[in-house]
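The file input.txt comes next; it holds compact mmCIF, C-alpha atoms.
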```txt
# COMPACT_ATOMS: atom_id res chain seq x y z
CA MET A 1 42.59 -62.06 -174.88
CA ALA A 2 41.45 -61.53 -178.49
CA SER A 3 39.56 -58.33 -179.21
CA SER A 4 36.09 -58.23 -180.75
CA ALA A 5 37.55 -57.00 -184.06
CA ASP A 6 39.97 -59.97 -184.23
CA VAL A 7 37.10 -62.39 -183.59
CA HIS A 8 35.05 -60.85 -186.41
CA VAL A 9 38.00 -61.08 -188.78
CA ARG A 10 38.49 -64.77 -187.96
CA ILE A 11 34.79 -65.55 -188.37
CA CYS A 12 34.72 -63.73 -191.71
CA GLY A 13 37.78 -65.66 -192.88
CA GLN A 14 36.20 -68.98 -191.87
CA GLU A 15 33.01 -68.16 -193.79
CA ILE A 16 35.05 -67.25 -196.88
CA ILE A 17 36.84 -70.60 -196.70
CA LYS A 18 33.48 -72.38 -196.26
CA TYR A 19 31.96 -70.72 -199.34
CA ASP A 20 35.13 -71.41 -201.32
CA LEU A 21 34.97 -75.14 -200.52
CA GLU A 22 31.24 -75.28 -201.30
CA ILE A 23 31.82 -73.63 -204.68
CA LYS A 24 34.61 -76.05 -205.49
CA ALA A 25 32.32 -78.99 -204.64
CA LEU A 26 29.51 -77.60 -206.84
CA VAL A 27 31.91 -77.00 -209.72
CA GLN A 28 33.01 -80.61 -209.46
CA ASP A 29 29.34 -81.70 -209.51
CA ILE A 30 28.80 -79.67 -212.69
CA ARG A 31 31.89 -81.19 -214.26
CA ASP A 32 30.58 -84.70 -213.51
CA CYS A 33 26.96 -83.89 -214.42
CA PRO A 34 25.71 -85.95 -217.42
CA GLY A 35 22.46 -83.99 -217.61
CA PRO A 36 19.63 -83.26 -217.93
CA GLN A 37 19.59 -79.52 -218.43
CA SER A 38 17.39 -78.93 -215.36
CA THR A 39 20.04 -80.47 -213.12
CA LEU A 40 22.74 -78.26 -214.64
CA MET A 41 20.61 -75.17 -214.17
CA GLU A 42 20.02 -76.08 -210.53
CA PHE A 43 23.76 -76.47 -209.94
CA ASN A 44 24.47 -73.13 -211.61
CA SER A 45 21.83 -71.42 -209.50
CA GLN A 46 23.49 -72.71 -206.34
CA VAL A 47 26.93 -71.61 -207.58
CA LYS A 48 25.68 -68.08 -208.27
CA GLU A 49 24.23 -67.86 -204.78
CA LYS A 50 27.50 -69.02 -203.21
CA PHE A 51 29.52 -66.56 -205.31
CA ASN A 52 27.29 -63.68 -204.21
CA LYS A 53 27.75 -64.59 -200.54
CA LEU A 54 31.49 -65.07 -201.03
CA ARG A 55 31.84 -61.67 -202.74
CA LEU A 56 30.01 -59.95 -199.88
CA ARG A 57 32.18 -61.58 -197.22
CA ILE A 58 35.35 -60.60 -199.09
CA GLN A 59 34.10 -57.01 -199.18
CA ASP A 60 33.39 -57.23 -195.43
CA LEU A 61 36.93 -58.48 -194.83
CA GLU A 62 38.33 -55.58 -196.84
CA GLN A 63 36.29 -53.11 -194.79
CA MET A 64 37.57 -54.68 -191.56
CA ALA A 65 41.13 -54.21 -192.85
CA ARG A 66 40.55 -50.49 -193.32
CA GLU A 67 39.26 -50.21 -189.74
CA GLN A 68 42.40 -51.72 -188.16
CA ASP A 69 44.43 -49.46 -185.88
CA ARG A 70 47.79 -51.10 -186.49
CA GLU A 71 49.31 -50.76 -189.95
CA THR A 72 50.75 -54.29 -189.87
CA ASP A 73 47.30 -55.80 -189.18
CA ARG A 74 45.71 -53.70 -191.93
CA LEU A 75 48.27 -54.76 -194.53
CA ALA A 76 48.04 -58.43 -193.50
CA ILE A 77 44.25 -58.48 -193.84
CA LEU A 78 44.39 -56.60 -197.16
CA SER A 79 46.87 -59.19 -198.43
CA GLU A 80 44.49 -61.98 -197.37
CA THR A 81 41.62 -60.17 -199.11
CA GLU A 82 43.60 -59.95 -202.36
CA SER A 83 44.46 -63.65 -202.10
CA GLN A 84 40.77 -64.55 -201.63
CA ARG A 85 39.79 -62.41 -204.63
CA LYS A 86 42.32 -64.26 -206.81
CA GLN A 87 40.95 -67.57 -205.52
CA MET A 88 37.41 -66.44 -206.38
CA LEU A 89 38.53 -65.58 -209.91
CA SER A 90 40.11 -69.02 -210.21
CA ASN A 91 36.82 -70.59 -209.12
CA GLN A 92 34.97 -68.49 -211.72
CA THR A 93 37.26 -69.84 -214.43
CA ALA A 94 36.83 -73.42 -213.19
CA TRP A 95 33.03 -72.89 -213.17
CA ARG A 96 33.04 -71.80 -216.78
CA LYS A 97 35.20 -74.73 -217.86
CA ALA A 98 32.94 -77.15 -215.96
CA ASN A 99 29.89 -75.75 -217.78
CA LEU A 100 31.59 -76.19 -221.14
CA ALA A 101 32.50 -79.77 -220.24
CA CYS A 102 28.92 -80.47 -219.17
CA LYS A 103 27.63 -78.92 -222.40
CA LEU A 104 29.80 -81.24 -224.45
CA CYS A 105 28.55 -84.19 -222.43
CA ILE A 106 24.91 -83.21 -222.98
CA ASP A 107 25.54 -82.60 -226.69
CA HIS A 108 27.01 -86.09 -227.08
CA SER A 109 24.04 -87.57 -225.26
CA GLU A 110 21.59 -85.75 -227.53
CA LYS A 111 23.46 -86.87 -230.63
CA ASP A 112 23.25 -90.44 -229.45
CA GLU A 113 19.50 -90.01 -228.94
CA LEU A 114 19.09 -88.64 -232.46
CA LEU A 115 21.07 -91.53 -233.94
CA GLN A 116 18.81 -93.92 -232.05
CA GLY A 117 15.69 -92.36 -233.56
CA GLY A 118 14.91 -89.41 -231.31
CA ASP A 119 11.69 -87.58 -232.14
CA TYR A 120 10.84 -83.89 -232.54
CA GLN A 121 10.56 -83.38 -228.78
CA SER A 122 14.12 -84.56 -228.31
CA THR A 123 15.34 -82.14 -230.98
CA ARG A 124 13.43 -79.27 -229.36
CA GLN A 125 14.85 -80.17 -225.97
CA ARG A 126 18.38 -80.07 -227.44
CA LYS A 127 17.71 -76.60 -228.81
CA VAL A 128 16.48 -75.38 -225.42
CA THR A 129 19.51 -76.93 -223.76
CA LYS A 130 21.89 -75.09 -226.07
CA GLU A 131 20.09 -71.80 -225.49
CA CYS A 132 20.27 -72.26 -221.73
CA LEU A 133 23.94 -73.14 -221.92
CA VAL A 134 24.63 -70.03 -224.00
CA GLU A 135 22.84 -67.97 -221.37
CA THR A 136 24.82 -69.65 -218.61
CA SER A 137 28.09 -68.96 -220.41
CA SER A 138 27.06 -65.34 -220.83
CA ASN A 139 26.31 -65.06 -217.11
CA ILE A 140 29.66 -66.57 -216.23
CA THR A 141 31.45 -64.16 -218.59
CA GLU A 142 29.66 -61.26 -216.95
CA SER A 143 30.68 -62.52 -213.51
CA LEU A 144 34.30 -62.80 -214.64
CA MET A 145 34.21 -59.23 -215.93
CA SER A 146 32.78 -58.08 -212.59
CA ILE A 147 35.59 -59.84 -210.72
CA SER A 148 38.15 -58.26 -213.06
CA ARG A 149 36.76 -54.81 -212.33
CA MET A 150 36.86 -55.49 -208.60
CA MET A 151 40.49 -56.63 -208.84
CA SER A 152 41.35 -53.50 -210.85
CA GLU A 153 39.82 -51.34 -208.12
CA GLN A 154 41.73 -53.28 -205.48
CA VAL A 155 45.00 -52.76 -207.38
CA LYS A 156 44.32 -49.02 -207.47
CA GLN A 157 43.57 -49.00 -203.75
CA SER A 158 46.79 -50.92 -203.12
CA GLU A 159 48.73 -48.33 -205.14
CA ASP A 160 47.13 -45.55 -203.08
CA THR A 161 48.06 -47.39 -199.88
CA ILE A 162 51.67 -47.77 -201.03
CA GLY A 163 51.76 -44.06 -201.85
CA THR A 164 50.45 -43.21 -198.39
CA LEU A 165 53.04 -45.46 -196.76
CA ALA A 166 55.81 -43.85 -198.81
CA THR A 167 54.68 -40.38 -197.72
CA SER A 168 54.51 -41.52 -194.09
CA SER A 169 58.02 -42.98 -194.36
CA ARG A 170 59.39 -39.70 -195.73
CA THR A 171 57.71 -37.79 -192.90
CA VAL A 172 59.23 -40.12 -190.31
CA LEU A 173 62.70 -39.75 -191.87
CA GLU A 174 62.39 -35.96 -191.94
CA THR A 175 61.29 -35.94 -188.29
CA ASN A 176 64.23 -38.17 -187.40
CA GLU A 177 66.65 -35.80 -189.14
CA GLU A 178 65.16 -32.82 -187.27
CA PHE A 179 65.49 -34.73 -184.00
CA LYS A 180 69.15 -35.46 -184.74
CA SER A 181 69.72 -31.78 -185.53
CA MET A 182 68.04 -30.69 -182.28
CA THR A 183 70.08 -33.26 -180.34
CA GLY A 184 73.30 -31.83 -181.79
CA THR A 185 72.23 -28.29 -180.90
CA ILE A 186 71.36 -29.30 -177.34
CA HIS A 187 74.70 -31.10 -176.97
CA PHE A 188 76.58 -28.02 -178.24
CA GLY A 189 74.64 -25.76 -175.85
CA ARG A 190 75.49 -28.04 -172.95
CA LYS A 191 79.19 -27.77 -173.82
CA LEU A 192 78.92 -23.98 -173.89
CA ILE A 193 77.19 -23.89 -170.50
CA LEU A 194 79.89 -26.10 -168.97
CA LYS A 195 82.57 -23.91 -170.51
CA TYR A 196 81.01 -20.74 -169.12
CA ASN A 197 80.60 -22.34 -165.71
CA ARG A 198 84.32 -23.20 -165.65
CA ARG A 199 85.21 -19.68 -166.77
CA GLU A 200 82.99 -18.22 -164.05
CA LEU A 201 84.77 -20.31 -161.44
CA THR A 202 88.14 -19.19 -162.76
CA ASP A 203 87.06 -15.52 -162.70
CA LYS A 204 85.86 -15.85 -159.11
CA LEU A 205 89.18 -17.40 -158.11
CA LEU A 206 91.13 -14.62 -159.82
CA ILE A 207 88.97 -11.95 -158.14
CA PHE A 208 89.53 -13.62 -154.75
CA LEU A 209 93.30 -13.69 -155.31
CA ALA A 210 93.31 -10.04 -156.44
CA LEU A 211 91.37 -8.96 -153.33
CA ALA A 212 93.66 -10.98 -151.11
CA LEU A 213 96.70 -9.33 -152.72
CA PHE A 214 95.05 -5.90 -152.36
CA PHE A 215 94.29 -6.35 -148.67
CA ALA A 216 97.77 -7.76 -148.05
CA THR A 217 99.28 -4.70 -149.73
CA VAL A 218 97.11 -2.31 -147.65
CA LEU A 219 98.04 -4.09 -144.44
CA TYR A 220 101.72 -3.93 -145.37
CA ILE A 221 101.54 -0.17 -146.05
CA LEU A 222 99.67 0.47 -142.79
CA LYS A 223 102.15 -1.58 -140.91
CA LYS A 224 105.13 0.40 -142.30
CA ARG A 225 103.51 3.75 -141.53
CA LEU A 226 102.08 2.99 -138.12
CA PHE A 227 104.71 0.69 -136.81
CA PRO A 228 107.91 1.54 -138.67
CA PHE A 229 110.08 0.14 -135.89
CA ILE A 230 108.60 -3.39 -136.28
```
Translate this structure into structure tokens?
Amino acid sequence: MASSADVHVRICGQEIIKYDLEIKALVQDIRDCPGPQSTLMEFNSQVKEKFNKLRLRIQDLEQMAREQDRETDRLAILSETESQRKQMLSNQTAWRKANLACKLCIDHSEKDELLQGGDYQSTRQRKVTKECLVETSSNITESLMSISRMMSEQVKQSEDTIGTLATSSRTVLETNEEFKSMTGTIHFGRKLILKYNRRELTDKLLIFLALALFFATVLYILKKRLFPFI
């Protein structure tokens, strides 16, 4: 039966996948968007919201990894977290490219309007559109920098984890060597005990034979003195 922690990890992973797919769909909508600027801004607002939720869930998944009891589970979840962070960065890049493509599309549309006799309002709207697109590009750049910082922190944490594992491995090897040494000492002691036990048995046998010889000699002397005629 799956534990509560495993269930939470699976739910978190499913939500990350859901947000990832929603972001990809919105990026495709931006790429296909012909305008106007209000529609693009609405798409970008939705993308930002999804990215914020995705970032939080990835952080939750990372925290769950640190709380795992088994080292194999912790490393597996951390690996999945790193993979999701890379995927989020890829989506950020695709988002920026989609905005640039949409900007070009809107620019072409505005140029066509000007060639067809667009008025002052159309020109003003084009200026506002460019300003909004510049702001959007700036926001995307800032988001990319934030993701880069997060990945840098994750790399540092991974290095610390590897260092900890290396230290643990050395400790285990040292303990194993000490155990082997103790085993050899115990084996040698057992041989000594067996050797002394055999020697003790031999000494007892020799003492018994010496006593038997002594008593036989005494009996022989008594016999010759008391019963010389026998």
Long-range neighbours of A:Ile11 as JSON, numbers by chain, 12 Å cut-off, only C-alpha atoms, 4 positions minimum in chain: {"A": [4, 5, 6, 7, 15, 16, 17, 18, 57, 58, 60, 61, 64]}
Residue contacts of stretch 19-25 of chain A (10 Å, all atoms listed in the file) excluding same-chain residues fewer than 5 positions away, as a ChimeraX atom specification: /A:14,30-31,46-55,57,84,87-88,91-92,94-95
Write the residues you've just listed into a file as a PDB file, keeping the file's coordinate frame, and include C-alpha atoms for each of them.
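Contents of result-v6.pdb, as written:
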```pdb
ATOM      1  CA  GLN A  14      36.200 -68.980-191.870  1.00  0.00           C
ATOM      2  CA  ILE A  30      28.800 -79.670-212.690  1.00  0.00           C
ATOM      3  CA  ARG A  31      31.890 -81.190-214.260  1.00  0.00           C
ATOM      4  CA  GLN A  46      23.490 -72.710-206.340  1.00  0.00           C
ATOM      5  CA  VAL A  47      26.930 -71.610-207.580  1.00  0.00           C
ATOM      6  CA  LYS A  48      25.680 -68.080-208.270  1.00  0.00           C
ATOM      7  CA  GLU A  49      24.230 -67.860-204.780  1.00  0.00           C
ATOM      8  CA  LYS A  50      27.500 -69.020-203.210  1.00  0.00           C
ATOM      9  CA  PHE A  51      29.520 -66.560-205.310  1.00  0.00           C
ATOM     10  CA  ASN A  52      27.290 -63.680-204.210  1.00  0.00           C
ATOM     11  CA  LYS A  53      27.750 -64.590-200.540  1.00  0.00           C
ATOM     12  CA  LEU A  54      31.490 -65.070-201.030  1.00  0.00           C
ATOM     13  CA  ARG A  55      31.840 -61.670-202.740  1.00  0.00           C
ATOM     14  CA  ARG A  57      32.180 -61.580-197.220  1.00  0.00           C
ATOM     15  CA  GLN A  84      40.770 -64.550-201.630  1.00  0.00           C
ATOM     16  CA  GLN A  87      40.950 -67.570-205.520  1.00  0.00           C
ATOM     17  CA  MET A  88      37.410 -66.440-206.380  1.00  0.00           C
ATOM     18  CA  ASN A  91      36.820 -70.590-209.120  1.00  0.00           C
ATOM     19  CA  GLN A  92      34.970 -68.490-211.720  1.00  0.00           C
ATOM     20  CA  ALA A  94      36.830 -73.420-213.190  1.00  0.00           C
ATOM     21  CA  TRP A  95      33.030 -72.890-213.170  1.00  0.00           C
TER      22      TRP A  95
END
```
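Note that the spacing between atom CA of A:Ala101 and atom CA of A:Glu82 amounts to 28.9 Å.
Taking all atoms listed in the file into account, the protein, DNA and RNA residues within 9 Å of (30.3, -77.1, -217.7) read Val27, Ile30, Arg31, Asp32, Cys33, Leu40, Ala94, Trp95, Arg96, Lys97, Ala98, Asn99, Leu100, Ala101, Cys102, Lys103, Leu104, Cys105, Leu133 and Ser137 of chain A.
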